[in-house]
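Note: the block below is run-v8.txt and it holds compact mmCIF, C-alpha atoms.
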# COMPACT_ATOMS: atom_id res chain seq x y z
CA MET Z 1 -6.50 -19.12 -54.97
CA ASP Z 2 -3.91 -19.15 -57.74
CA THR Z 3 -1.69 -22.15 -58.44
CA SER Z 4 1.55 -20.50 -57.22
CA LYS Z 5 0.04 -19.65 -53.84
CA THR Z 6 -1.30 -23.19 -53.53
CA ARG Z 7 2.19 -24.58 -54.15
CA GLU Z 8 3.71 -22.17 -51.63
CA LEU Z 9 1.15 -23.15 -48.99
CA ALA Z 10 1.89 -26.83 -49.55
CA TRP Z 11 5.61 -26.12 -49.29
CA LEU Z 12 5.14 -24.09 -46.08
CA ARG Z 13 3.25 -26.97 -44.47
CA THR Z 14 6.04 -29.41 -45.33
CA ILE Z 15 8.70 -27.25 -43.67
CA ALA Z 16 6.65 -26.26 -40.61
CA GLY Z 17 8.40 -28.84 -38.42
CA GLU Z 18 11.80 -27.76 -39.70
CA LEU Z 19 11.01 -24.12 -38.91
CA ALA Z 20 9.87 -25.00 -35.39
CA THR Z 21 13.07 -26.94 -34.68
CA SER Z 22 15.23 -24.13 -36.04
CA THR Z 23 13.34 -21.60 -33.94
CA ILE Z 24 13.92 -23.54 -30.69
CA THR Z 25 17.62 -23.83 -31.53
CA ARG Z 26 17.84 -20.10 -32.23
CA LEU Z 27 16.03 -19.27 -28.98
CA GLU Z 28 18.58 -21.28 -27.01
CA GLU Z 29 21.46 -19.59 -28.82
CA THR Z 30 20.29 -15.98 -28.64
CA LEU Z 31 18.05 -15.53 -25.60
CA PRO Z 32 19.77 -16.20 -22.24
CA TRP Z 33 16.53 -15.87 -20.29
CA TYR Z 34 14.99 -18.70 -22.33
CA SER Z 35 17.79 -21.15 -21.42
CA GLU Z 36 17.48 -20.23 -17.73
CA MET Z 37 13.77 -21.03 -17.58
CA PRO Z 38 12.42 -24.17 -15.86
CA PRO Z 39 11.67 -26.97 -18.38
CA GLY Z 40 7.90 -26.50 -18.14
CA ARG Z 41 7.96 -22.81 -18.99
CA ARG Z 42 10.59 -23.32 -21.65
CA SER Z 43 8.25 -25.84 -23.26
CA ALA Z 44 5.38 -23.33 -23.09
CA VAL Z 45 7.54 -20.67 -24.79
CA GLY Z 46 8.44 -23.19 -27.49
CA LEU Z 47 4.75 -23.93 -28.00
CA VAL Z 48 4.07 -20.21 -28.48
CA ALA Z 49 6.80 -20.12 -31.11
CA GLN Z 50 5.32 -23.13 -32.92
CA ASN Z 51 1.88 -21.53 -32.79
CA GLY Z 52 3.40 -18.47 -34.41
CA ILE Z 53 4.65 -20.53 -37.32
CA SER Z 54 1.37 -22.44 -37.70
CA SER Z 55 -0.73 -19.31 -37.51
CA PHE Z 56 1.47 -17.61 -40.11
CA ILE Z 57 0.64 -20.43 -42.55
CA GLN Z 58 -3.07 -20.04 -41.77
CA TRP Z 59 -2.85 -16.28 -42.14
CA TYR Z 60 -1.03 -16.59 -45.47
CA GLU Z 61 -3.90 -18.73 -46.69
CA ASP Z 62 -6.50 -16.17 -45.53
CA PRO Z 63 -5.10 -12.72 -44.51
CA SER Z 64 -8.58 -11.50 -43.50
CA THR Z 65 -8.25 -13.54 -40.28
CA THR Z 66 -5.32 -11.43 -39.06
CA PRO Z 67 -6.68 -10.20 -35.70
CA TRP Z 68 -7.89 -13.61 -34.60
CA ILE Z 69 -4.94 -15.61 -35.84
CA ALA Z 70 -2.36 -13.23 -34.34
CA SER Z 71 -4.10 -13.31 -30.95
CA ASP Z 72 -4.27 -17.10 -31.05
CA VAL Z 73 -0.47 -17.26 -31.01
CA PHE Z 74 -0.73 -16.66 -27.24
CA GLY Z 75 -3.92 -18.62 -26.71
CA SER Z 76 -2.18 -21.74 -25.41
CA ALA Z 77 0.22 -19.85 -23.15
CA PRO Z 78 -0.58 -20.49 -19.47
CA ARG Z 79 -1.24 -17.41 -17.34
CA GLU Z 80 1.90 -17.94 -15.31
CA LEU Z 81 3.93 -17.70 -18.53
CA LEU Z 82 2.54 -14.25 -19.30
CA ARG Z 83 3.46 -13.22 -15.75
CA SER Z 84 6.95 -14.70 -15.94
CA ILE Z 85 8.15 -13.13 -19.21
CA SER Z 86 7.88 -9.44 -19.94
CA LEU Z 87 6.50 -7.74 -23.02
CA SER Z 88 10.07 -6.94 -24.05
CA GLU Z 89 11.02 -10.61 -23.84
CA THR Z 90 7.91 -11.57 -25.80
CA LEU Z 91 8.90 -9.18 -28.57
CA GLN Z 92 12.37 -10.74 -28.58
CA LEU Z 93 10.68 -14.12 -29.02
CA ILE Z 94 8.63 -12.80 -31.93
CA ARG Z 95 11.76 -11.33 -33.52
CA VAL Z 96 13.53 -14.71 -33.38
CA VAL Z 97 10.55 -16.52 -34.91
CA VAL Z 98 10.20 -13.94 -37.67
CA THR Z 99 13.94 -14.02 -38.40
CA VAL Z 100 13.99 -17.81 -38.69
CA VAL Z 101 10.92 -17.85 -40.93
CA GLU Z 102 12.14 -14.95 -43.05
CA ASP Z 103 15.60 -16.49 -43.55
CA ARG Z 104 14.02 -19.74 -44.74
CA VAL Z 105 10.97 -18.44 -46.60
CA ALA Z 106 11.85 -15.02 -48.07
CA PRO Z 107 14.30 -16.27 -50.71
CA ARG Z 108 11.53 -18.37 -52.27
CA SER Z 109 9.43 -15.38 -53.42
CA GLU Z 110 8.85 -11.67 -52.90
CA ALA Z 111 5.23 -12.34 -51.95
CA LEU Z 112 6.29 -14.58 -49.08
CA ARG Z 113 8.84 -12.04 -47.83
CA GLU Z 114 6.19 -9.29 -47.69
CA ALA Z 115 3.77 -11.68 -46.02
CA VAL Z 116 6.28 -12.39 -43.25
CA LEU Z 117 6.80 -8.65 -42.64
CA HIS Z 118 3.07 -7.91 -42.50
CA TYR Z 119 2.36 -10.84 -40.25
CA SER Z 120 5.17 -9.98 -37.82
CA ARG Z 121 3.71 -6.51 -37.40
CA ASP Z 122 0.26 -7.96 -36.63
CA VAL Z 123 1.65 -10.44 -34.11
CA ALA Z 124 3.60 -7.67 -32.35
CA PHE Z 125 0.41 -5.63 -31.99
CA ALA Z 126 -1.41 -8.74 -30.76
CA ALA Z 127 1.30 -9.31 -28.13
CA ALA Z 128 0.98 -5.74 -26.91
CA ASP Z 129 -2.80 -6.17 -26.69
CA VAL Z 130 -2.45 -9.40 -24.67
CA TYR Z 131 -0.13 -7.73 -22.16
CA ALA Z 132 -2.28 -4.60 -21.96
CA ARG Z 133 -5.33 -6.72 -21.13
CA ALA Z 134 -3.32 -8.69 -18.58
CA ALA Z 135 -2.11 -5.45 -16.98
CA GLU Z 136 -5.67 -4.10 -16.87
CA ALA Z 137 -6.93 -7.29 -15.25
CA ARG Z 138 -4.06 -7.20 -12.79
CA GLY Z 139 -4.84 -3.58 -11.96
CA LEU Z 140 -8.51 -4.38 -11.28
CA TRP Z 141 -7.51 -7.38 -9.17
CA ASP Z 142 -5.02 -5.28 -7.20
CA ALA Z 143 -7.66 -2.59 -6.61
CA ARG Z 144 -10.14 -5.16 -5.26
CA LEU Z 145 -7.48 -6.77 -3.08
CA GLU Z 146 -6.33 -3.38 -1.78
CA ALA Z 147 -9.92 -2.45 -0.91
CA LEU Z 148 -10.30 -5.78 0.92
CA VAL Z 149 -7.10 -5.23 2.92
CA VAL Z 150 -8.06 -1.65 3.89
CA ASP Z 151 -11.55 -2.80 4.88
CA SER Z 152 -10.05 -5.57 7.03
CA ILE Z 153 -7.84 -3.02 8.76
CA LEU Z 154 -10.75 -0.63 9.37
CA THR Z 155 -13.06 -3.30 10.78
CA GLY Z 156 -10.35 -5.15 12.67
CA GLU Z 157 -11.61 -8.41 11.17
CA SER Z 158 -8.23 -9.56 9.91
CA ASP Z 159 -7.39 -13.23 9.51
CA ASP Z 160 -4.34 -15.38 8.90
CA GLU Z 161 -4.41 -14.48 5.20
CA LEU Z 162 -3.91 -10.75 5.78
CA PRO Z 163 -0.07 -10.89 5.68
CA SER Z 164 -0.11 -12.80 2.38
CA ARG Z 165 -2.62 -10.35 0.88
CA ILE Z 166 -0.43 -7.45 1.94
CA ALA Z 167 2.59 -9.15 0.36
CA ALA Z 168 0.63 -9.76 -2.87
CA LEU Z 169 0.10 -6.00 -3.15
CA GLY Z 170 3.86 -5.45 -3.18
CA TRP Z 171 3.86 -3.55 0.13
CA ASN Z 172 7.22 -1.85 0.63
CA GLY Z 173 6.57 -0.27 3.99
CA GLY Z 174 8.63 -1.87 6.71
CA GLY Z 175 8.10 -1.74 10.44
CA GLU Z 176 5.76 0.87 11.89
CA ALA Z 177 2.47 1.89 10.29
CA ALA Z 178 -0.28 4.46 10.85
CA VAL Z 179 -3.71 5.21 9.40
CA LEU Z 180 -4.76 8.62 8.08
CA VAL Z 181 -8.49 9.33 7.73
CA GLY Z 182 -10.27 12.31 6.20
CA THR Z 183 -12.78 13.25 3.54
CA SER Z 184 -12.13 13.54 -0.16
CA ASP Z 185 -13.79 14.32 -3.44
CA ARG Z 186 -14.71 11.32 -5.58
CA ALA Z 187 -12.34 12.66 -8.22
CA VAL Z 188 -9.26 12.16 -6.03
CA ASP Z 189 -6.16 11.45 -8.13
CA VAL Z 190 -4.96 8.19 -6.57
CA ASP Z 191 -1.91 7.95 -8.84
CA GLN Z 192 -0.74 11.42 -7.83
CA LEU Z 193 -1.40 10.55 -4.21
CA ARG Z 194 0.85 7.49 -4.53
CA ARG Z 195 3.58 9.59 -6.14
CA THR Z 196 3.43 12.07 -3.26
CA SER Z 197 3.73 9.18 -0.81
CA ARG Z 198 6.77 7.75 -2.59
CA HIS Z 199 8.48 11.15 -2.59
CA ALA Z 200 7.82 11.34 1.16
CA GLY Z 201 9.47 7.94 1.64
CA ALA Z 202 6.22 6.14 2.41
CA ASP Z 203 4.21 3.31 0.94
CA VAL Z 204 0.44 3.63 1.04
CA LEU Z 205 -2.72 1.57 0.77
CA VAL Z 206 -5.70 3.62 -0.42
CA GLY Z 207 -9.31 3.07 0.55
CA LEU Z 208 -12.19 5.15 -0.83
CA GLN Z 209 -15.48 4.64 1.00
CA GLY Z 210 -18.02 7.15 -0.24
CA ASN Z 211 -16.59 10.54 0.66
CA ARG Z 212 -14.19 9.08 3.23
CA LEU Z 213 -10.56 8.60 2.19
CA VAL Z 214 -8.45 6.19 4.23
CA LEU Z 215 -4.68 5.91 3.80
CA VAL Z 216 -2.66 3.18 5.49
CA LEU Z 217 0.91 4.46 5.70
CA GLY Z 218 4.22 2.69 6.16
CA ARG Z 219 7.71 4.12 5.90
CA MET Z 220 9.88 2.69 3.13
CA HIS Z 221 13.53 1.80 3.59
CA LEU Z 222 15.50 4.69 2.12
CA GLU Z 223 18.96 4.35 0.63
CA GLY Z 224 21.45 7.18 0.45
CA LYS Z 225 23.24 8.27 -2.67
CA GLU Z 226 26.62 6.77 -3.37
CA GLY Z 227 28.98 7.56 -0.52
CA GLN Z 228 26.27 9.28 1.53
CA PRO Z 229 24.19 8.04 4.48
CA ALA Z 230 20.52 7.27 4.00
CA PRO Z 231 18.23 10.24 4.76
CA ALA Z 232 16.31 10.12 8.02
CA PRO Z 233 12.72 8.92 7.49
CA LEU Z 234 9.95 11.45 8.02
CA GLU Z 235 7.65 11.20 11.01
CA PHE Z 236 4.14 10.02 10.17
CA ILE Z 237 2.69 13.42 11.03
CA GLU Z 238 5.08 15.00 8.51
CA ILE Z 239 4.03 12.50 5.86
CA ALA Z 240 0.40 13.25 6.67
CA GLN Z 241 1.03 16.98 6.19
CA LEU Z 242 2.44 16.34 2.71
CA LEU Z 243 -0.59 14.22 1.83
CA SER Z 244 -3.14 16.64 3.27
CA THR Z 245 -3.57 18.44 -0.08
CA HIS Z 246 -5.18 15.29 -1.52
CA PHE Z 247 -8.02 15.50 1.02
CA ALA Z 248 -11.07 17.74 0.90
CA ASP Z 249 -11.67 20.39 3.54
CA GLY Z 250 -12.58 19.05 6.95
CA PRO Z 251 -10.97 17.11 9.79
CA LEU Z 252 -7.93 15.00 8.99
CA VAL Z 253 -6.84 12.60 11.73
CA LEU Z 254 -3.71 10.45 12.00
CA GLY Z 255 -4.10 7.32 14.10
CA THR Z 256 -1.59 6.10 16.62
CA THR Z 257 1.62 4.54 15.34
CA VAL Z 258 1.69 0.72 15.56
CA ASP Z 259 4.55 -1.73 15.21
CA ASN Z 260 3.50 -3.25 11.87
CA LEU Z 261 0.82 -3.22 9.21
CA VAL Z 262 -0.98 -6.27 10.61
CA ASP Z 263 -1.70 -4.26 13.80
CA ALA Z 264 -2.91 -1.21 11.86
CA SER Z 265 -6.52 -1.82 12.90
CA ARG Z 266 -5.67 -0.23 16.27
CA SER Z 267 -4.43 2.89 14.49
CA ALA Z 268 -7.55 2.86 12.31
CA ARG Z 269 -9.87 2.71 15.34
CA ALA Z 270 -8.12 5.70 16.89
CA ALA Z 271 -8.28 7.69 13.63
CA LEU Z 272 -11.98 6.94 13.09
CA ALA Z 273 -12.81 7.86 16.68
CA GLY Z 274 -10.83 11.07 16.23
CA ILE Z 275 -12.69 12.01 13.04
CA ALA Z 276 -15.99 11.73 14.89
CA VAL Z 277 -14.98 14.36 17.49
CA ALA Z 278 -12.30 16.47 15.76
CA ARG Z 279 -14.64 19.42 15.17
CA SER Z 280 -15.22 19.75 18.94
CA TRP Z 281 -11.67 21.08 19.41
CA ARG Z 282 -11.52 24.52 17.84
CA GLY Z 283 -7.73 24.59 17.93
CA ALA Z 284 -7.20 21.25 16.20
CA THR Z 285 -4.43 21.29 13.62
CA ARG Z 286 -4.78 19.69 10.20
CA PRO Z 287 -3.78 16.92 10.30
CA VAL Z 288 -4.21 16.24 14.00
CA ALA Z 289 -2.91 13.21 15.86
CA ALA Z 290 -5.62 10.98 17.32
CA ASP Z 291 -3.80 11.03 20.69
CA ASP Z 292 -4.23 14.82 20.81
CA LEU Z 293 -8.00 14.19 20.83
CA LEU Z 294 -8.00 11.80 23.78
CA PRO Z 295 -10.34 13.91 26.00
CA GLU Z 296 -12.94 14.35 23.27
CA ARG Z 297 -12.73 10.68 22.30
CA ALA Z 298 -13.09 9.56 25.91
CA LEU Z 299 -16.15 11.79 26.42
CA ALA Z 300 -17.67 10.30 23.28
CA GLY Z 301 -17.35 6.82 24.76
CA ASP Z 302 -14.17 5.62 23.04
CA GLY Z 303 -12.80 2.84 25.24
CA LEU Z 304 -9.46 2.90 23.48
CA ALA Z 305 -9.04 6.59 24.41
CA ARG Z 306 -9.92 5.92 28.05
CA ARG Z 307 -7.38 3.10 28.22
CA SER Z 308 -4.76 5.33 26.60
CA LEU Z 309 -5.36 8.10 29.13
CA ILE Z 310 -5.09 5.66 32.00
CA GLU Z 311 -2.04 3.82 30.69
CA GLN Z 312 -0.13 6.88 29.48
CA ILE Z 313 -0.93 9.36 32.26
CA TYR Z 314 -2.82 8.08 35.30
CA GLU Z 315 -0.97 4.82 35.99
CA PRO Z 316 2.55 6.29 35.50
CA LEU Z 317 1.70 9.02 38.05
CA VAL Z 318 0.28 6.51 40.51
CA ASP Z 319 3.37 4.33 40.12
CA GLN Z 320 5.71 7.31 40.52
CA SER Z 321 4.48 8.74 43.84
CA SER Z 322 1.32 9.85 45.62
CA GLU Z 323 2.97 13.24 46.13
CA LEU Z 324 3.04 13.96 42.38
CA LEU Z 325 -0.53 12.75 41.95
CA GLU Z 326 -1.78 14.96 44.79
CA THR Z 327 0.12 17.97 43.45
CA ILE Z 328 -1.28 17.71 39.95
CA TRP Z 329 -4.83 17.22 41.29
CA CYS Z 330 -4.50 20.34 43.43
CA TYR Z 331 -2.91 22.34 40.65
CA LEU Z 332 -5.71 21.57 38.20
CA ASP Z 333 -8.48 22.00 40.77
CA ASN Z 334 -7.08 25.44 41.63
CA GLY Z 335 -7.24 26.69 38.08
CA ARG Z 336 -3.52 26.11 37.42
CA SER Z 337 -2.54 28.65 40.08
CA LEU Z 338 0.88 28.01 41.61
CA GLU Z 339 0.20 30.14 44.67
CA ALA Z 340 -3.17 28.56 45.45
CA THR Z 341 -1.72 25.08 45.00
CA ALA Z 342 1.23 25.92 47.26
CA ARG Z 343 -1.12 27.24 49.99
CA GLU Z 344 -3.29 24.13 49.89
CA LEU Z 345 -0.27 21.82 50.09
CA PHE Z 346 1.62 24.00 52.59
CA VAL Z 347 4.70 24.12 50.39
CA HIS Z 348 6.65 26.82 48.57
CA PRO Z 349 5.55 27.71 44.97
CA ASN Z 350 8.98 26.61 43.73
CA THR Z 351 8.26 23.16 45.15
CA VAL Z 352 5.07 23.10 43.09
CA ARG Z 353 7.07 24.12 40.01
CA TYR Z 354 9.56 21.34 40.60
CA ARG Z 355 6.82 18.75 41.02
CA LEU Z 356 5.03 19.91 37.86
CA LYS Z 357 8.29 19.61 35.94
CA LYS Z 358 8.63 16.09 37.30
CA VAL Z 359 5.07 15.31 36.19
CA SER Z 360 5.85 16.41 32.63
CA GLU Z 361 8.97 14.22 32.61
CA VAL Z 362 6.94 11.20 33.74
CA ILE Z 363 3.97 11.50 31.38
CA GLY Z 364 5.28 13.57 28.45
CA TRP Z 365 2.56 16.23 28.78
CA HIS Z 366 3.17 19.56 30.50
CA PRO Z 367 0.05 20.48 32.50
CA THR Z 368 0.83 24.22 32.57
CA GLY Z 369 -0.68 24.61 29.06
CA ALA Z 370 -4.44 24.84 28.69
CA ARG Z 371 -4.81 21.98 26.20
CA GLU Z 372 -2.41 19.64 27.92
CA ALA Z 373 -4.00 20.43 31.27
CA LEU Z 374 -7.32 19.26 29.84
CA ILE Z 375 -5.73 16.01 28.66
CA VAL Z 376 -4.12 15.36 32.05
CA GLN Z 377 -7.26 16.24 33.99
CA SER Z 378 -9.31 13.92 31.78
CA ALA Z 379 -6.81 11.14 32.51
CA LEU Z 380 -7.09 11.74 36.26
CA ILE Z 381 -10.88 11.60 36.09
CA VAL Z 382 -11.19 8.42 34.00
CA GLY Z 383 -8.34 6.81 35.99
CA SER Z 384 -10.07 7.55 39.30
CA ILE Z 385 -13.36 6.19 37.98
CA ALA Z 386 -11.67 3.00 36.77
CA GLN Z 387 -9.84 2.57 40.10
CA SER Z 388 -13.05 3.08 42.04
CA GLY Z 389 -14.75 0.49 39.88
CA ARG Z 390 -11.98 -2.03 40.54
CA ARG Z 391 -12.25 -1.44 44.30
CA LYS Z 392 -16.00 -2.04 44.25
CA ALA Z 393 -15.54 -5.20 42.20
CA SER Z 394 -12.89 -6.56 44.61
CA SER Z 395 -14.94 -5.71 47.73
CA SER Z 396 -18.01 -7.52 46.40
CA LYS Z 397 -16.10 -10.78 46.01
As structure tokens, please, write out the structure in this file.
Amino acid sequence: MDTSKTRELAWLRTIAGELATSTITRLEETLPWYSEMPPGRRSAVGLVAQNGISSFIQWYEDPSTTPWIASDVFGSAPRELLRSISLSETLQLIRVVVTVVEDRVAPRSEALREAVLHYSRDVAFAAADVYARAAEARGLWDARLEALVVDSILTGESDDELPSRIAALGWNGGGEAAVLVGTSDRAVDVDQLRRTSRHAGADVLVGLQGNRLVLVLGRMHLEGKEGQPAPAPLEFIEIAQLLSTHFADGPLVLGTTVDNLVDASRSARAALAGIAVARSWRGATRPVAADDLLPERALAGDGLARRSLIEQIYEPLVDQSSELLETIWCYLDNGRSLEATARELFVHPNTVRYRLKKVSEVIGWHPTGAREALIVQSALIVGSIAQSGRRKASSSK
């Protein structure tokens, strides 16, 4: 090392404290976000700035250590600091440090001025690398957490920590939720899938389990353009239709809508039960609602489907009147023939029509269609079996 460089190094070490003080003062004067920070984080930012000055002196002594020295500028920064200031703010910090050092050091010699410029470039690249690594780690952590949340929803083994985990993922879906299940290629483009969801006004949690793709959907709060009302949110079945292109060929089932994401396990159970039997209905749409597969699910032993049939169809008819229940039984047993039903009940066919219309108003299904007749008849069967079982249980007491 030549004599002039030795003198400059000695001089740099004597003014290191002065440079650090000037840097802190300049940060307070030029960066509003720095002044607004809590004292602890402001101290950590100041320490990063001091490290920048110290590492510049070390680098000037031995430029071959550039990658390590530049990275060490951020070595003492706590993780919460890297999360609390952005890359843009970090570059502003570097600019202030470099400006202070350059203003004080550059006039001394051309060699020092060039050294400051080269070092500032290396530190900027080091900062970008630090944030890129942090973003990558965050992405991996988010992916693991998302997989854990989706798995908890699928298994129904949620705990008190599920809401906080959902919040940590930045979930934007408010209110109701539903689960969409189908098959997918391993090369599914998750980023494109998320973009499609956002354009449909939905937030999504993605779970890939082998060749099964699970999407947990929630509608986002939409805001209208200036002076215009917010657009009406899409129904979940409409959102599922937009997302269907991201699934491979095969059944695609949308679970029942639930009040919130924490209760999504009920929607997941319905969707999974629907996937298991969807191929047994030749006329199934794609996607198909799990509630449209209630007969198949009930025959396959799905208790949730049986309860849904009883609660949505059988019990409302029983509560309404025995006349409606008798009419729908006769109508279905007579092959959906108005005349045959009217003869058995000793009423006019128009009376049968009126009662069938009343049935559809009570339960929401119109039994005159072949598919809906199957759903209603399945409900009558499982409801009668359940009622008979309750009678036997009460008589044995």
Tell me, in Å to one decimal, how far atom CA of Arg13 of chain Z is from atom CA of Ala49 of chain Z.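 Interatomic distance, atom CA of Arg13 of chain Z to atom CA of Ala49 of chain Z: 15.4 Å.
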If I take atom CA of Leu27 of chain Z and atom CA of Tyr119 of chain Z, how far is one from the other in Å, to one decimal?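 Atom-to-atom, atom CA of Leu27 of chain Z and atom CA of Tyr119 of chain Z are spaced 19.6 Å apart.
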Centre, x/y/z edge lengths, axis-aligned box for segment 309-315 of chain Z with 8 Å per side, as lines of an AutoDock Vina configuration file:
center_x = -2.7
center_y = 6.6
center_z = 32.6
size_x = 21.2
size_y = 21.5
size_z = 22.9
Length of the atom CA of Ile328 of chain Z to atom CA of Val352 of chain Z vector [Å]: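 If I compute the distance from atom CA of Ile328 of chain Z to atom CA of Val352 of chain Z, I get 8.9 Å.
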All residues 10 Å or closer to segment 147-157 of chain Z, all atoms listed in the file, same chain fewer than 2 positions away omitted, as a tab-separated table (two decimals) with C-alpha atoms, in the frame of the given file:
chain	number	residue	atom	x	y	z
Z	141	TRP	CA	-7.51	-7.38	-9.17
Z	142	ASP	CA	-5.02	-5.28	-7.20
Z	143	ALA	CA	-7.66	-2.59	-6.61
Z	144	ARG	CA	-10.14	-5.16	-5.26
Z	145	LEU	CA	-7.48	-6.77	-3.08
Z	159	ASP	CA	-7.39	-13.23	9.51
Z	161	GLU	CA	-4.41	-14.48	5.20
Z	162	LEU	CA	-3.91	-10.75	5.78
Z	163	PRO	CA	-0.07	-10.89	5.68
Z	165	ARG	CA	-2.62	-10.35	0.88
Z	166	ILE	CA	-0.43	-7.45	1.94
Z	169	LEU	CA	0.10	-6.00	-3.15
Z	179	VAL	CA	-3.71	5.21	9.40
Z	205	LEU	CA	-2.72	1.57	0.77
Z	206	VAL	CA	-5.70	3.62	-0.42
Z	207	GLY	CA	-9.31	3.07	0.55
Z	208	LEU	CA	-12.19	5.15	-0.83
Z	209	GLN	CA	-15.48	4.64	1.00
Z	214	VAL	CA	-8.45	6.19	4.23
Z	215	LEU	CA	-4.68	5.91	3.80
Z	216	VAL	CA	-2.66	3.18	5.49
Z	261	LEU	CA	0.82	-3.22	9.21
Z	262	VAL	CA	-0.98	-6.27	10.61
Z	263	ASP	CA	-1.70	-4.26	13.80
Z	264	ALA	CA	-2.91	-1.21	11.86
Z	265	SER	CA	-6.52	-1.82	12.90
Z	266	ARG	CA	-5.67	-0.23	16.27
Z	267	SER	CA	-4.43	2.89	14.49
Z	268	ALA	CA	-7.55	2.86	12.31
Z	269	ARG	CA	-9.87	2.71	15.34
Z	271	ALA	CA	-8.28	7.69	13.63
Z	272	LEU	CA	-11.98	6.94	13.09
Tell me, as an MDAnalysis selection string, which residues lie within 8 Å of segment 282-293 of chain Z, counting all atoms listed in the file; anything in the same chain fewer than 6 positions away does not count. chainID Z and resid 237 240:241 244 251:256 270:271 273:274 305
Which polymer residues, protein or nucleic acid, are no farther than 8 Å from (-0.2, 19.7, 40.5), counting only C-alpha atoms, as a list in words?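 The answer, in the requested form, is Leu324, Leu325, Glu326, Thr327, Ile328, Trp329, Cys330, Tyr331, Leu332, Arg336, Thr341, Val352, Arg355 and Leu356 of chain Z.
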With distances taken over only C-alpha atoms, which residue among Z:Ala44, Z:Val181, Z:Glu36, Z:Ser54 lies nearest Leu9 of chain Z?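 Answer, going by the shortest atom-to-atom distance: Z:Ser54.
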